[in-house]
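A.B. asks: Here it is: the structure, laid out below.
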There are 2 protein chains.
Amino acid sequence: MFTGLCAFPLTPFRDECIDFQAFEKLLSRLTDAKVDSICAMGSTGLYPYLDHAEFQSVAEKTVALADGIPVMVGIGALRTKDVLQKAYLAQQAGVKAVLLAPVSYHPLTEAEVYNLYAKVSAELSVPLCVYENPGVTQFTFSDELYAEVARLNNVAAIKIPGMPFANAQGAERLARLRSIVPANMAIGVSGDKFAVAGLQAGCDLWLSVVGGLFPQTAMRIVQAIKDHQAVLAIQWAEQLEPLWQLFVRNWGGMRVMATAADILGITESNCLPQPLQPLTSAERASLETLLTQLNLS
Amino acid sequence: MFTGLCAFPLTPFRDECIDFQAFEKLLSRLTDAKVDSICAMGSTGLYPYLDHAEFQSVAEKTVALADGIPVMVGIGALRTKDVLQKAYLAQQAGVKAVLLAPVSYHPLTEAEVYNLYAKVSAELSVPLCVYENPGVTQFTFSDELYAEVARLNNVAAIKIPGMPFANAQGAERLARLRSIVPANMAIGVSGDKFAVAGLQAGCDLWLSVVGGLFPQTAMRIVQAIKDHQAVLAIQWAEQLEPLWQLFVRNWGGMRVMATAADILGITESNCLPQPLQPLTSAERASLETLLTQLNLS
């Protein structure tokens, strides 16, 4: 489950309802590219915006259409009771893993986050991936908390926030994490910009936003690293730099990928639920040019 | 509606369900103290954690028990469709105003926030109070956005985040805000620590967390300012400084007030929905000492 490329597709909307036709098209790109795993309803897949019925439908649809590729789903919610309900629905749908971020409105304390993971992991019969994303949850894991959470049953992976692994600080951070979690714990790199350096530095998998829409491109990079073609992988990743700049200017990849899916003709021109909006027309034009130049697929 | 003290009570829970018995006790403290208005389901009242049925029950209960005191409710949600649904339910329950923060998971853009307020204000027949709280929404209003939102129908008040009004920067900020919004727009101070200086500097009302549980204490301060007894008001507020320090150490007043409600015997020992927890036992002990020393009521 936790190796290679884990692709994070959008959950596309049309008039405030999930656009399952578009979602099928997104999933077929992932199965065609034979990504290593699929994470539906990650941050890019808008998990906190979905109600339980929407969550259940997307989980079932993803498992049904994944063509045997293992499926993970994001089960975060503000209240523990809702996380538990989503964990139940996800397992009933046949997912192979769950992704859990410490979602908050009032930022959480370490004790609250630990208890959340303890309660949820106790109810699981599939592995759980801890999801650290301070940009959306306002929570940063201390090493002590990682060590405690990693000891819980069913906790099998950690999705760490993007950081520059190419420099000494990033490498040290990864080594430090390895030293405090069990040896078989998978550590995944997120923040697409940092993926190649992260994989090179020893991360087990790339949890990828760009791979959710352009899986061939992302798989080519992952394969190059597996084939010890690091120079090639770095070159390809460097070509994507203008895309990462768009991500940075637009609070992450979600709005960029939503706009790209429209440009590709897969979704509505605005496939996000209100109040979320796709890129401005100026940014959309830059993205359109970029997609042509980069020949993403 | 938008003058004097607006008290923000907790929404107490017991075993993951709303504890209406405790909520009645909280409301009776507010009606006894004759607060100027009540805001149920503000941040302290945990609005984003409630589902629509819980929201409707609390709105109806508050209006029924408010003894004629005008009631406002927080209607924020991640999706605009849910905000609109809450606006409908709130008005049906008979509230006199609604409070709306730009709630986010993916931080919002200015255009998204403007459209949210435009859509919601168009569906209202009661005034709306704009709620800026970057600590929980990750969104800061620009002056331009305030000016645009303030021009929308039914937008009647702004709840600005706590800032030190006693210094020149705070006073300038307030003067600047006054210059860009219509003359009849109420500007309310939040962040209890800054309330006296804010009211002194010309804010129209104090939107108060401490006033949601200790309304007599908060009303005494507001009355002193109305009576031009500024020195007295400042003295009283300064006595509360250790309480504000507890707020700062615990990510705001919510957990402190939840623990205080338990100490007063109003609620369960943990009246918060999971994963939220009250203060640690050490902090609880400090609070208990403090409540005795300060003689809050």
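Each chain of the structure tokens is named A, B, ... in the order shown, its residues numbered from 1; ligands are numbered from 1 in display order.
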How close does each residue of chain B get to chain A, giving the shortest atom pair and distance in Å to one decimal for every residue with an atom at most 9 Å away, counting only C-alpha atoms, sorted by chain and residue number, as JSON lines?

C.D. replies:
{"residue": "B:Glu16", "atom": "CA", "partner": "A:Lys81", "partner_atom": "CA", "distance": 7.9}
{"residue": "B:Ser43", "atom": "CA", "partner": "A:His106", "partner_atom": "CA", "distance": 8.0}
{"residue": "B:Leu46", "atom": "CA", "partner": "A:His106", "partner_atom": "CA", "distance": 8.6}
{"residue": "B:Pro48", "atom": "CA", "partner": "A:Tyr105", "partner_atom": "CA", "distance": 7.3}
{"residue": "B:Tyr49", "atom": "CA", "partner": "A:Leu78", "partner_atom": "CA", "distance": 6.3}
{"residue": "B:Leu78", "atom": "CA", "partner": "A:Tyr49", "partner_atom": "CA", "distance": 6.3}
{"residue": "B:Arg79", "atom": "CA", "partner": "A:Gln274", "partner_atom": "CA", "distance": 5.8}
{"residue": "B:Thr80", "atom": "CA", "partner": "A:Gln274", "partner_atom": "CA", "distance": 5.4}
{"residue": "B:Lys81", "atom": "CA", "partner": "A:Gln274", "partner_atom": "CA", "distance": 7.3}
{"residue": "B:Val103", "atom": "CA", "partner": "A:Tyr105", "partner_atom": "CA", "distance": 8.4}
{"residue": "B:Ser104", "atom": "CA", "partner": "A:Val136", "partner_atom": "CA", "distance": 8.4}
{"residue": "B:Tyr105", "atom": "CA", "partner": "A:Val136", "partner_atom": "CA", "distance": 5.5}
{"residue": "B:His106", "atom": "CA", "partner": "A:Val136", "partner_atom": "CA", "distance": 6.0}
{"residue": "B:Pro107", "atom": "CA", "partner": "A:Trp251", "partner_atom": "CA", "distance": 7.0}
{"residue": "B:Leu108", "atom": "CA", "partner": "A:Leu276", "partner_atom": "CA", "distance": 7.2}
{"residue": "B:Thr109", "atom": "CA", "partner": "A:Leu276", "partner_atom": "CA", "distance": 8.4}
{"residue": "B:Ala111", "atom": "CA", "partner": "A:Gln277", "partner_atom": "CA", "distance": 8.4}
{"residue": "B:Glu112", "atom": "CA", "partner": "A:Pro275", "partner_atom": "CA", "distance": 5.4}
{"residue": "B:Val113", "atom": "CA", "partner": "A:Pro275", "partner_atom": "CA", "distance": 7.2}
{"residue": "B:Asn115", "atom": "CA", "partner": "A:Pro275", "partner_atom": "CA", "distance": 7.1}
{"residue": "B:Leu116", "atom": "CA", "partner": "A:Pro275", "partner_atom": "CA", "distance": 5.9}
{"residue": "B:Gly135", "atom": "CA", "partner": "A:His106", "partner_atom": "CA", "distance": 8.3}
{"residue": "B:Val136", "atom": "CA", "partner": "A:Tyr105", "partner_atom": "CA", "distance": 5.5}
{"residue": "B:Thr137", "atom": "CA", "partner": "A:Tyr105", "partner_atom": "CA", "distance": 7.4}
{"residue": "B:Gln138", "atom": "CA", "partner": "A:Val136", "partner_atom": "CA", "distance": 8.7}
{"residue": "B:Asn250", "atom": "CA", "partner": "A:Thr109", "partner_atom": "CA", "distance": 8.5}
{"residue": "B:Trp251", "atom": "CA", "partner": "A:Pro107", "partner_atom": "CA", "distance": 7.0}
{"residue": "B:Gly252", "atom": "CA", "partner": "A:His106", "partner_atom": "CA", "distance": 8.4}
{"residue": "B:Met254", "atom": "CA", "partner": "A:His106", "partner_atom": "CA", "distance": 8.4}
{"residue": "B:Pro273", "atom": "CA", "partner": "A:Arg79", "partner_atom": "CA", "distance": 6.8}
{"residue": "B:Gln274", "atom": "CA", "partner": "A:Thr80", "partner_atom": "CA", "distance": 5.4}
{"residue": "B:Pro275", "atom": "CA", "partner": "A:Glu112", "partner_atom": "CA", "distance": 5.4}
{"residue": "B:Leu276", "atom": "CA", "partner": "A:Glu112", "partner_atom": "CA", "distance": 6.1}
{"residue": "B:Gln277", "atom": "CA", "partner": "A:Glu112", "partner_atom": "CA", "distance": 6.5}

A.B. asks: Going by DSSP on the backbone, which residues of region 46-230 of chain B come out as helix (DSSP H, G or I)? List them as an MDAnalysis selection string.

C.D. replies: chainID B and resid 47:49 52:65 80:93 110:121 134:137 143:150 168:180 192:201 210:212 215:226 230

A.B. asks: Based on the selection just made, write C-alpha atoms of those residues as an mmCIF file, in the first residue's frame.

C.D. replies:
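As a result, part.cif now contains:
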data_model
loop_
_atom_site.group_PDB
_atom_site.id
_atom_site.type_symbol
_atom_site.label_atom_id
_atom_site.label_comp_id
_atom_site.auth_asym_id
_atom_site.auth_seq_id
_atom_site.Cartn_x
_atom_site.Cartn_y
_atom_site.Cartn_z
ATOM 1 C CA TYR B 47 -20.888 26.337 15.941
ATOM 2 C CA PRO B 48 -18.759 24.435 13.394
ATOM 3 C CA TYR B 49 -19.025 21.250 15.478
ATOM 4 C CA HIS B 52 -28.023 21.219 11.324
ATOM 5 C CA ALA B 53 -30.410 19.511 13.766
ATOM 6 C CA GLU B 54 -28.251 20.503 16.745
ATOM 7 C CA PHE B 55 -27.927 24.023 15.358
ATOM 8 C CA GLN B 56 -31.697 24.357 14.978
ATOM 9 C CA SER B 57 -32.365 23.085 18.517
ATOM 10 C CA VAL B 58 -29.880 25.483 20.092
ATOM 11 C CA ALA B 59 -31.195 28.438 18.082
ATOM 12 C CA GLU B 60 -34.790 27.706 19.086
ATOM 13 C CA LYS B 61 -33.893 27.073 22.716
ATOM 14 C CA THR B 62 -31.917 30.303 22.969
ATOM 15 C CA VAL B 63 -34.711 32.432 21.516
ATOM 16 C CA ALA B 64 -37.267 30.712 23.764
ATOM 17 C CA LEU B 65 -35.236 31.310 26.929
ATOM 18 C CA THR B 80 -22.000 28.099 1.355
ATOM 19 C CA LYS B 81 -25.018 25.819 0.968
ATOM 20 C CA ASP B 82 -24.753 24.917 4.657
ATOM 21 C CA VAL B 83 -24.378 28.557 5.679
ATOM 22 C CA LEU B 84 -27.556 29.343 3.723
ATOM 23 C CA GLN B 85 -29.372 26.454 5.385
ATOM 24 C CA LYS B 86 -28.295 27.687 8.808
ATOM 25 C CA ALA B 87 -29.360 31.245 7.916
ATOM 26 C CA TYR B 88 -32.803 29.878 7.046
ATOM 27 C CA LEU B 89 -33.083 27.807 10.237
ATOM 28 C CA ALA B 90 -31.841 30.706 12.369
ATOM 29 C CA GLN B 91 -34.376 33.145 10.988
ATOM 30 C CA GLN B 92 -37.142 30.561 11.358
ATOM 31 C CA ALA B 93 -36.114 30.216 15.010
ATOM 32 C CA GLU B 110 -10.777 37.531 -1.008
ATOM 33 C CA ALA B 111 -13.096 36.830 -3.950
ATOM 34 C CA GLU B 112 -14.409 33.679 -2.297
ATOM 35 C CA VAL B 113 -15.068 35.489 0.968
ATOM 36 C CA TYR B 114 -16.787 38.389 -0.774
ATOM 37 C CA ASN B 115 -19.067 36.026 -2.709
ATOM 38 C CA LEU B 116 -19.917 34.135 0.457
ATOM 39 C CA TYR B 117 -21.093 37.326 2.176
ATOM 40 C CA ALA B 118 -22.899 38.518 -0.963
ATOM 41 C CA LYS B 119 -24.855 35.283 -1.318
ATOM 42 C CA VAL B 120 -25.724 34.956 2.346
ATOM 43 C CA SER B 121 -26.624 38.585 2.983
ATOM 44 C CA PRO B 134 -7.844 34.717 11.780
ATOM 45 C CA GLY B 135 -6.872 32.364 14.620
ATOM 46 C CA VAL B 136 -9.601 29.907 13.662
ATOM 47 C CA THR B 137 -10.413 30.798 10.032
ATOM 48 C CA ASP B 143 -9.547 47.178 4.122
ATOM 49 C CA GLU B 144 -10.783 46.904 0.535
ATOM 50 C CA LEU B 145 -12.725 43.751 1.347
ATOM 51 C CA TYR B 146 -14.226 45.298 4.492
ATOM 52 C CA ALA B 147 -15.360 48.263 2.420
ATOM 53 C CA GLU B 148 -17.002 46.008 -0.170
ATOM 54 C CA VAL B 149 -18.639 43.646 2.318
ATOM 55 C CA ALA B 150 -19.893 46.562 4.418
ATOM 56 C CA ALA B 168 -1.587 54.174 18.723
ATOM 57 C CA GLN B 169 -1.667 51.288 16.268
ATOM 58 C CA GLY B 170 -4.966 49.936 17.600
ATOM 59 C CA ALA B 171 -6.553 53.372 17.657
ATOM 60 C CA GLU B 172 -5.391 54.011 14.090
ATOM 61 C CA ARG B 173 -6.801 50.664 12.981
ATOM 62 C CA LEU B 174 -10.196 51.530 14.430
ATOM 63 C CA ALA B 175 -10.163 55.021 12.882
ATOM 64 C CA ARG B 176 -9.183 53.544 9.530
ATOM 65 C CA LEU B 177 -12.019 50.991 9.724
ATOM 66 C CA ARG B 178 -14.506 53.737 10.602
ATOM 67 C CA SER B 179 -13.380 55.689 7.558
ATOM 68 C CA ILE B 180 -14.080 52.842 5.128
ATOM 69 C CA ASP B 192 -11.799 39.941 26.177
ATOM 70 C CA LYS B 193 -8.353 41.176 27.147
ATOM 71 C CA PHE B 194 -8.770 44.134 24.803
ATOM 72 C CA ALA B 195 -12.383 44.949 25.603
ATOM 73 C CA VAL B 196 -12.059 47.937 27.924
ATOM 74 C CA ALA B 197 -9.498 49.687 25.742
ATOM 75 C CA GLY B 198 -11.632 48.873 22.702
ATOM 76 C CA LEU B 199 -14.809 50.315 24.201
ATOM 77 C CA GLN B 200 -12.845 53.347 25.419
ATOM 78 C CA ALA B 201 -11.461 53.808 21.919
ATOM 79 C CA VAL B 210 -16.051 35.728 29.678
ATOM 80 C CA GLY B 211 -19.436 37.471 29.591
ATOM 81 C CA GLY B 212 -20.993 34.217 28.397
ATOM 82 C CA PRO B 215 -22.133 38.196 32.759
ATOM 83 C CA GLN B 216 -22.454 40.225 35.977
ATOM 84 C CA THR B 217 -18.703 40.849 35.961
ATOM 85 C CA ALA B 218 -18.704 41.828 32.287
ATOM 86 C CA MET B 219 -21.818 44.018 32.613
ATOM 87 C CA ARG B 220 -20.251 45.855 35.574
ATOM 88 C CA ILE B 221 -17.284 46.766 33.376
ATOM 89 C CA VAL B 222 -19.519 47.854 30.480
ATOM 90 C CA GLN B 223 -21.671 49.919 32.840
ATOM 91 C CA ALA B 224 -18.632 51.648 34.319
ATOM 92 C CA ILE B 225 -17.556 52.731 30.857
ATOM 93 C CA LYS B 226 -21.075 53.951 30.058
ATOM 94 C CA ALA B 230 -13.037 54.584 32.886
#

A.B. asks: What lies within 8 Å of region 3-14 of chain A using only C-alpha atoms, ignoring chain neighbours under 5 positions off, as a short mmCIF file (atom, residue, chain, number, x, y, z; two decimals) with N, CA, C and O atoms, in the first residue's frame?

C.D. replies:
data_model
loop_
_atom_site.label_atom_id
_atom_site.label_comp_id
_atom_site.auth_asym_id
_atom_site.auth_seq_id
_atom_site.Cartn_x
_atom_site.Cartn_y
_atom_site.Cartn_z
N ASP A 19 -19.96 15.21 -9.00
CA ASP A 19 -20.06 14.91 -10.42
C ASP A 19 -19.38 13.55 -10.65
O ASP A 19 -18.19 13.47 -10.93
N PHE A 20 -20.17 12.48 -10.53
CA PHE A 20 -19.58 11.13 -10.59
C PHE A 20 -19.09 10.78 -11.99
O PHE A 20 -18.15 9.98 -12.13
N ALA A 22 -17.55 12.88 -14.02
CA ALA A 22 -16.19 13.44 -14.07
C ALA A 22 -15.24 12.64 -13.17
O ALA A 22 -14.08 12.41 -13.52
N PHE A 23 -15.75 12.21 -12.03
CA PHE A 23 -14.90 11.44 -11.10
C PHE A 23 -14.45 10.13 -11.74
O PHE A 23 -13.28 9.73 -11.59
N LEU A 26 -11.62 10.87 -13.98
CA LEU A 26 -10.38 11.08 -13.22
C LEU A 26 -9.78 9.74 -12.78
O LEU A 26 -8.58 9.52 -12.88
N LEU A 27 -10.64 8.85 -12.31
CA LEU A 27 -10.15 7.54 -11.84
C LEU A 27 -9.58 6.71 -12.99
O LEU A 27 -8.59 5.98 -12.81
N LEU A 30 -6.07 7.31 -13.58
CA LEU A 30 -5.20 6.70 -12.57
C LEU A 30 -5.02 5.20 -12.81
O LEU A 30 -3.91 4.66 -12.67
N VAL A 35 -1.13 3.63 -11.22
CA VAL A 35 -0.51 4.23 -10.02
C VAL A 35 -0.47 3.16 -8.93
O VAL A 35 -1.23 2.19 -8.96
N ASP A 36 0.42 3.34 -7.96
CA ASP A 36 0.58 2.30 -6.93
C ASP A 36 -0.60 2.27 -5.95
O ASP A 36 -0.98 1.22 -5.45
N SER A 37 -1.16 3.43 -5.68
CA SER A 37 -2.35 3.49 -4.84
C SER A 37 -3.10 4.79 -5.13
O SER A 37 -2.56 5.71 -5.77
N ILE A 38 -4.35 4.82 -4.68
CA ILE A 38 -5.21 5.99 -4.90
C ILE A 38 -5.70 6.45 -3.54
O ILE A 38 -6.18 5.62 -2.75
N CYS A 39 -5.58 7.75 -3.27
CA CYS A 39 -6.22 8.29 -2.06
C CYS A 39 -7.34 9.22 -2.46
O CYS A 39 -7.10 10.37 -2.86
N ALA A 40 -8.58 8.72 -2.38
CA ALA A 40 -9.74 9.58 -2.64
C ALA A 40 -10.03 10.40 -1.39
O ALA A 40 -9.76 9.96 -0.28
N MET A 41 -10.55 11.58 -1.62
CA MET A 41 -10.92 12.46 -0.51
C MET A 41 -9.76 12.78 0.42
O MET A 41 -9.86 12.74 1.64
N GLY A 42 -8.60 13.06 -0.19
CA GLY A 42 -7.55 13.75 0.55
C GLY A 42 -7.93 15.22 0.62
O GLY A 42 -9.08 15.59 0.33
N THR A 44 -7.02 17.56 -1.43
CA THR A 44 -7.40 17.94 -2.79
C THR A 44 -8.79 17.37 -3.12
O THR A 44 -9.54 17.97 -3.89
N GLY A 45 -9.11 16.24 -2.55
CA GLY A 45 -10.42 15.61 -2.74
C GLY A 45 -11.47 16.11 -1.77
O GLY A 45 -12.56 15.55 -1.69
N LEU A 46 -11.14 17.18 -1.04
CA LEU A 46 -12.11 17.99 -0.30
C LEU A 46 -12.87 17.24 0.80
O LEU A 46 -14.04 17.55 1.08
N ALA A 186 5.90 3.39 7.26
CA ALA A 186 6.17 4.07 5.99
C ALA A 186 6.13 5.58 6.22
O ALA A 186 5.27 6.09 6.94
N ASP A 204 9.30 6.59 1.62
CA ASP A 204 8.80 5.35 1.02
C ASP A 204 7.82 5.57 -0.11
O ASP A 204 7.64 4.72 -0.97
N LEU A 205 7.12 6.71 -0.05
CA LEU A 205 6.12 6.96 -1.10
C LEU A 205 5.91 8.45 -1.27
O LEU A 205 6.29 9.26 -0.41
N TRP A 206 5.28 8.78 -2.39
CA TRP A 206 4.95 10.17 -2.74
C TRP A 206 3.43 10.26 -2.77
O TRP A 206 2.78 9.60 -3.59
N LEU A 207 2.91 11.04 -1.85
CA LEU A 207 1.46 11.27 -1.80
C LEU A 207 1.23 12.53 -2.62
O LEU A 207 1.55 13.65 -2.18
N SER A 208 0.67 12.37 -3.82
CA SER A 208 0.82 13.41 -4.83
C SER A 208 -0.49 14.03 -5.32
O SER A 208 -1.43 13.33 -5.72
N VAL A 209 -0.50 15.34 -5.30
CA VAL A 209 -1.63 16.11 -5.85
C VAL A 209 -1.57 16.08 -7.38
O VAL A 209 -2.55 15.75 -8.04
N VAL A 210 -0.41 16.41 -7.93
CA VAL A 210 -0.28 16.45 -9.38
C VAL A 210 -0.54 15.05 -9.97
O VAL A 210 -1.13 14.91 -11.05
N GLY A 211 -0.13 14.02 -9.23
CA GLY A 211 -0.35 12.65 -9.68
C GLY A 211 -1.82 12.26 -9.71
O GLY A 211 -2.19 11.27 -10.35
N GLY A 212 -2.67 13.03 -9.05
CA GLY A 212 -4.11 12.75 -9.07
C GLY A 212 -4.77 13.12 -10.38
O GLY A 212 -5.86 12.65 -10.70
N LEU A 213 -4.09 13.99 -11.15
CA LEU A 213 -4.64 14.38 -12.45
C LEU A 213 -3.68 14.03 -13.59
O LEU A 213 -4.11 13.76 -14.71
N PRO A 215 -1.15 11.40 -13.76
CA PRO A 215 -0.47 10.24 -13.15
C PRO A 215 0.67 9.70 -14.00
O PRO A 215 1.64 9.17 -13.45
N ALA A 218 3.70 11.74 -13.14
CA ALA A 218 4.20 11.44 -11.79
C ALA A 218 4.82 10.04 -11.74
O ALA A 218 5.87 9.84 -11.11
N MET A 219 4.19 9.08 -12.42
CA MET A 219 4.72 7.70 -12.42
C MET A 219 6.08 7.63 -13.10
O MET A 219 6.95 6.86 -12.70
N VAL A 222 8.59 8.70 -10.57
CA VAL A 222 8.79 7.66 -9.56
C VAL A 222 9.59 6.50 -10.13
O VAL A 222 10.50 5.96 -9.48
N MET A 254 -5.00 22.48 -4.90
CA MET A 254 -6.40 22.13 -5.11
C MET A 254 -7.06 22.96 -6.21
O MET A 254 -7.65 22.42 -7.15
N MET A 257 -5.45 22.22 -9.70
CA MET A 257 -5.89 20.95 -10.31
C MET A 257 -7.35 21.03 -10.75
O MET A 257 -7.73 20.46 -11.77
N ALA A 258 -8.18 21.73 -9.97
CA ALA A 258 -9.59 21.89 -10.36
C ALA A 258 -9.68 22.63 -11.69
O ALA A 258 -10.49 22.29 -12.56
N THR A 267 -14.12 18.14 -16.31
CA THR A 267 -15.12 18.63 -15.35
C THR A 267 -15.82 19.88 -15.86
O THR A 267 -15.46 20.44 -16.90
N GLU A 268 -16.76 20.32 -15.07
CA GLU A 268 -17.38 21.64 -15.24
C GLU A 268 -16.32 22.74 -15.17
O GLU A 268 -15.24 22.52 -14.59
N ASN A 270 -16.36 25.23 -13.22
CA ASN A 270 -16.07 25.33 -11.80
C ASN A 270 -16.53 24.04 -11.13
O ASN A 270 -17.72 23.84 -10.91
N CYS A 271 -15.58 23.20 -10.82
CA CYS A 271 -15.94 21.89 -10.24
C CYS A 271 -15.81 21.88 -8.73
O CYS A 271 -15.75 20.82 -8.13
N LEU A 272 -15.74 23.07 -8.12
CA LEU A 272 -15.59 23.14 -6.67
C LEU A 272 -16.90 23.54 -6.01
O LEU A 272 -17.68 24.30 -6.60
N PRO A 273 -17.13 23.07 -4.80
CA PRO A 273 -18.33 23.52 -4.08
C PRO A 273 -18.12 24.94 -3.55
O PRO A 273 -17.00 25.28 -3.17
#

A.B. asks: Would you mind reading off the distance between CA of Ala166 (chain A) and CA of Val73 (chain A), one decimal, in Å?

C.D. replies: 29.4 Å

A.B. asks: Which value, in Å to one decimal, gives the distance between CA of Leu287 (chain A) and CA of Ala260 (chain A)?

C.D. replies: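 Between CA of Leu287 (chain A) and CA of Ala260 (chain A) the gap works out to 7.3 Å.
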
A.B. asks: Check the DSSP output for the backbone and give back, as a CSV table (one decimal) with N, CA, C and O atoms, in the first residue's frame, the residues of region 131-224 of chain A in strand (DSSP E or B).

C.D. replies:
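Once everything was written out, this is result_31.csv:
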chain,number,residue,atom,x,y,z
A,131,TYR,N,-1.7,12.1,9.0
A,131,TYR,CA,-1.6,13.1,8.0
A,131,TYR,C,-1.2,14.4,8.7
A,131,TYR,O,-2.1,15.0,9.3
A,155,VAL,N,-1.5,2.0,13.1
A,155,VAL,CA,-0.8,3.1,12.5
A,155,VAL,C,0.4,2.6,11.7
A,155,VAL,O,1.3,2.0,12.3
A,156,ALA,N,0.4,2.9,10.4
A,156,ALA,CA,1.3,2.2,9.5
A,156,ALA,C,2.1,3.2,8.7
A,156,ALA,O,3.1,2.8,8.0
A,157,ALA,N,1.7,4.4,8.6
A,157,ALA,CA,2.4,5.4,7.7
A,157,ALA,C,2.2,6.8,8.2
A,157,ALA,O,1.2,7.1,9.0
A,158,ILE,N,3.1,7.6,7.8
A,158,ILE,CA,3.0,9.1,8.1
A,158,ILE,C,3.2,9.9,6.8
A,158,ILE,O,4.1,9.6,6.1
A,159,LYS,N,2.2,10.8,6.6
A,159,LYS,CA,2.3,11.7,5.5
A,159,LYS,C,2.9,13.0,6.1
A,159,LYS,O,2.1,13.7,6.8
A,160,ILE,N,4.1,13.3,5.8
A,160,ILE,CA,4.7,14.5,6.4
A,160,ILE,C,4.6,15.7,5.5
A,160,ILE,O,4.5,15.5,4.3
A,186,ALA,N,5.9,3.4,7.3
A,186,ALA,CA,6.2,4.1,6.0
A,186,ALA,C,6.1,5.6,6.2
A,186,ALA,O,5.3,6.1,6.9
A,187,ILE,N,7.1,6.3,5.6
A,187,ILE,CA,7.1,7.7,5.7
A,187,ILE,C,6.9,8.3,4.3
A,187,ILE,O,7.7,7.9,3.4
A,188,GLY,N,5.8,9.0,4.1
A,188,GLY,CA,5.5,9.5,2.7
A,188,GLY,C,5.8,11.0,2.6
A,188,GLY,O,5.5,11.8,3.5
A,189,VAL,N,6.2,11.4,1.4
A,189,VAL,CA,6.5,12.8,1.2
A,189,VAL,C,5.3,13.4,0.5
A,189,VAL,O,4.7,12.9,-0.4
A,205,LEU,N,7.1,6.7,0.0
A,205,LEU,CA,6.1,7.0,-1.1
A,205,LEU,C,5.9,8.5,-1.3
A,205,LEU,O,6.3,9.3,-0.4
A,206,TRP,N,5.3,8.8,-2.4
A,206,TRP,CA,5.0,10.2,-2.7
A,206,TRP,C,3.4,10.3,-2.8
A,206,TRP,O,2.8,9.6,-3.6
A,207,LEU,N,2.9,11.0,-1.8
A,207,LEU,CA,1.5,11.3,-1.8
A,207,LEU,C,1.2,12.5,-2.6
A,207,LEU,O,1.5,13.6,-2.2
A,208,SER,N,0.7,12.4,-3.8
A,208,SER,CA,0.8,13.4,-4.8
A,208,SER,C,-0.5,14.0,-5.3
A,208,SER,O,-1.4,13.3,-5.7

A.B. asks: So, counting only C-alpha atoms, which residue among B:Ile234, B:Ala285, B:His228, B:Phe165 is closest to Val256 (chain B)?

C.D. replies: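 Residue with the minimum atom-to-atom distance to Val256 (chain B): B:Ala285.
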
A.B. asks: Taking only C-alpha atoms into account, name the residue in B:Ser269, B:Asn154, B:Ser125, B:Ser281 that is nearest to Asp15 (chain B).

C.D. replies: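 Of all the options, B:Ser269 lies closest to Asp15 (chain B).
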
A.B. asks: Could you tell me how far CA of Ala183 (chain B) sits from CA of Asn153 (chain B), in Å to one decimal place?

C.D. replies: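 Atom-to-atom, CA of Asn153 (chain B) and CA of Ala183 (chain B) are spaced 14.4 Å apart.
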
A.B. asks: Might you pull out every residue within 8 Å of Val126 (chain B), with only C-alpha atoms counted and same-chain residues fewer than 2 positions away left off, and present them as a list in words?

C.D. replies: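 Returned residues: Gln91, Val95, Lys96, Ala97, Val98, Leu124, Leu128 and Asn154 of chain B.
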
A.B. asks: Keeping N, CA and C atoms, export the residues of the selection given above as a PDB file, in the first residue's frame.

C.D. replies:
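So the final result, stored in selection.pdb, reads:
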ATOM      1  N   GLN B  91     -33.301  32.152  11.122  1.00  0.00           N
ATOM      2  CA  GLN B  91     -34.376  33.145  10.988  1.00  0.00           C
ATOM      3  C   GLN B  91     -35.717  32.525  11.367  1.00  0.00           C
ATOM      4  N   VAL B  95     -34.195  34.456  15.463  1.00  0.00           N
ATOM      5  CA  VAL B  95     -33.030  35.245  15.900  1.00  0.00           C
ATOM      6  C   VAL B  95     -33.132  36.670  15.363  1.00  0.00           C
ATOM      7  N   LYS B  96     -32.423  37.563  16.027  1.00  0.00           N
ATOM      8  CA  LYS B  96     -32.453  38.972  15.628  1.00  0.00           C
ATOM      9  C   LYS B  96     -31.235  39.361  14.789  1.00  0.00           C
ATOM     10  N   ALA B  97     -30.256  38.459  14.702  1.00  0.00           N
ATOM     11  CA  ALA B  97     -29.055  38.725  13.901  1.00  0.00           C
ATOM     12  C   ALA B  97     -28.287  37.429  13.714  1.00  0.00           C
ATOM     13  N   VAL B  98     -27.400  37.429  12.717  1.00  0.00           N
ATOM     14  CA  VAL B  98     -26.518  36.275  12.511  1.00  0.00           C
ATOM     15  C   VAL B  98     -25.068  36.749  12.457  1.00  0.00           C
ATOM     16  N   LEU B 124     -31.032  37.211   3.694  1.00  0.00           N
ATOM     17  CA  LEU B 124     -31.359  37.538   5.084  1.00  0.00           C
ATOM     18  C   LEU B 124     -32.448  38.599   5.207  1.00  0.00           C
ATOM     19  N   LEU B 128     -26.584  41.129   9.682  1.00  0.00           N
ATOM     20  CA  LEU B 128     -25.448  40.194   9.744  1.00  0.00           C
ATOM     21  C   LEU B 128     -24.241  40.894  10.360  1.00  0.00           C
ATOM     22  N   ASN B 154     -27.921  44.340   4.585  1.00  0.00           N
ATOM     23  CA  ASN B 154     -28.043  43.596   5.849  1.00  0.00           C
ATOM     24  C   ASN B 154     -26.736  43.439   6.622  1.00  0.00           C
TER      25      ASN B 154
END

A.B. asks: For Gln293 (chain B), work out the shell of residues within 12 Å, counting only C-alpha atoms and skipping chain neighbours fewer than 4 positions away, then give it as a ChimeraX atom specification.

C.D. replies: /B:239-240,242-243,286-289,297
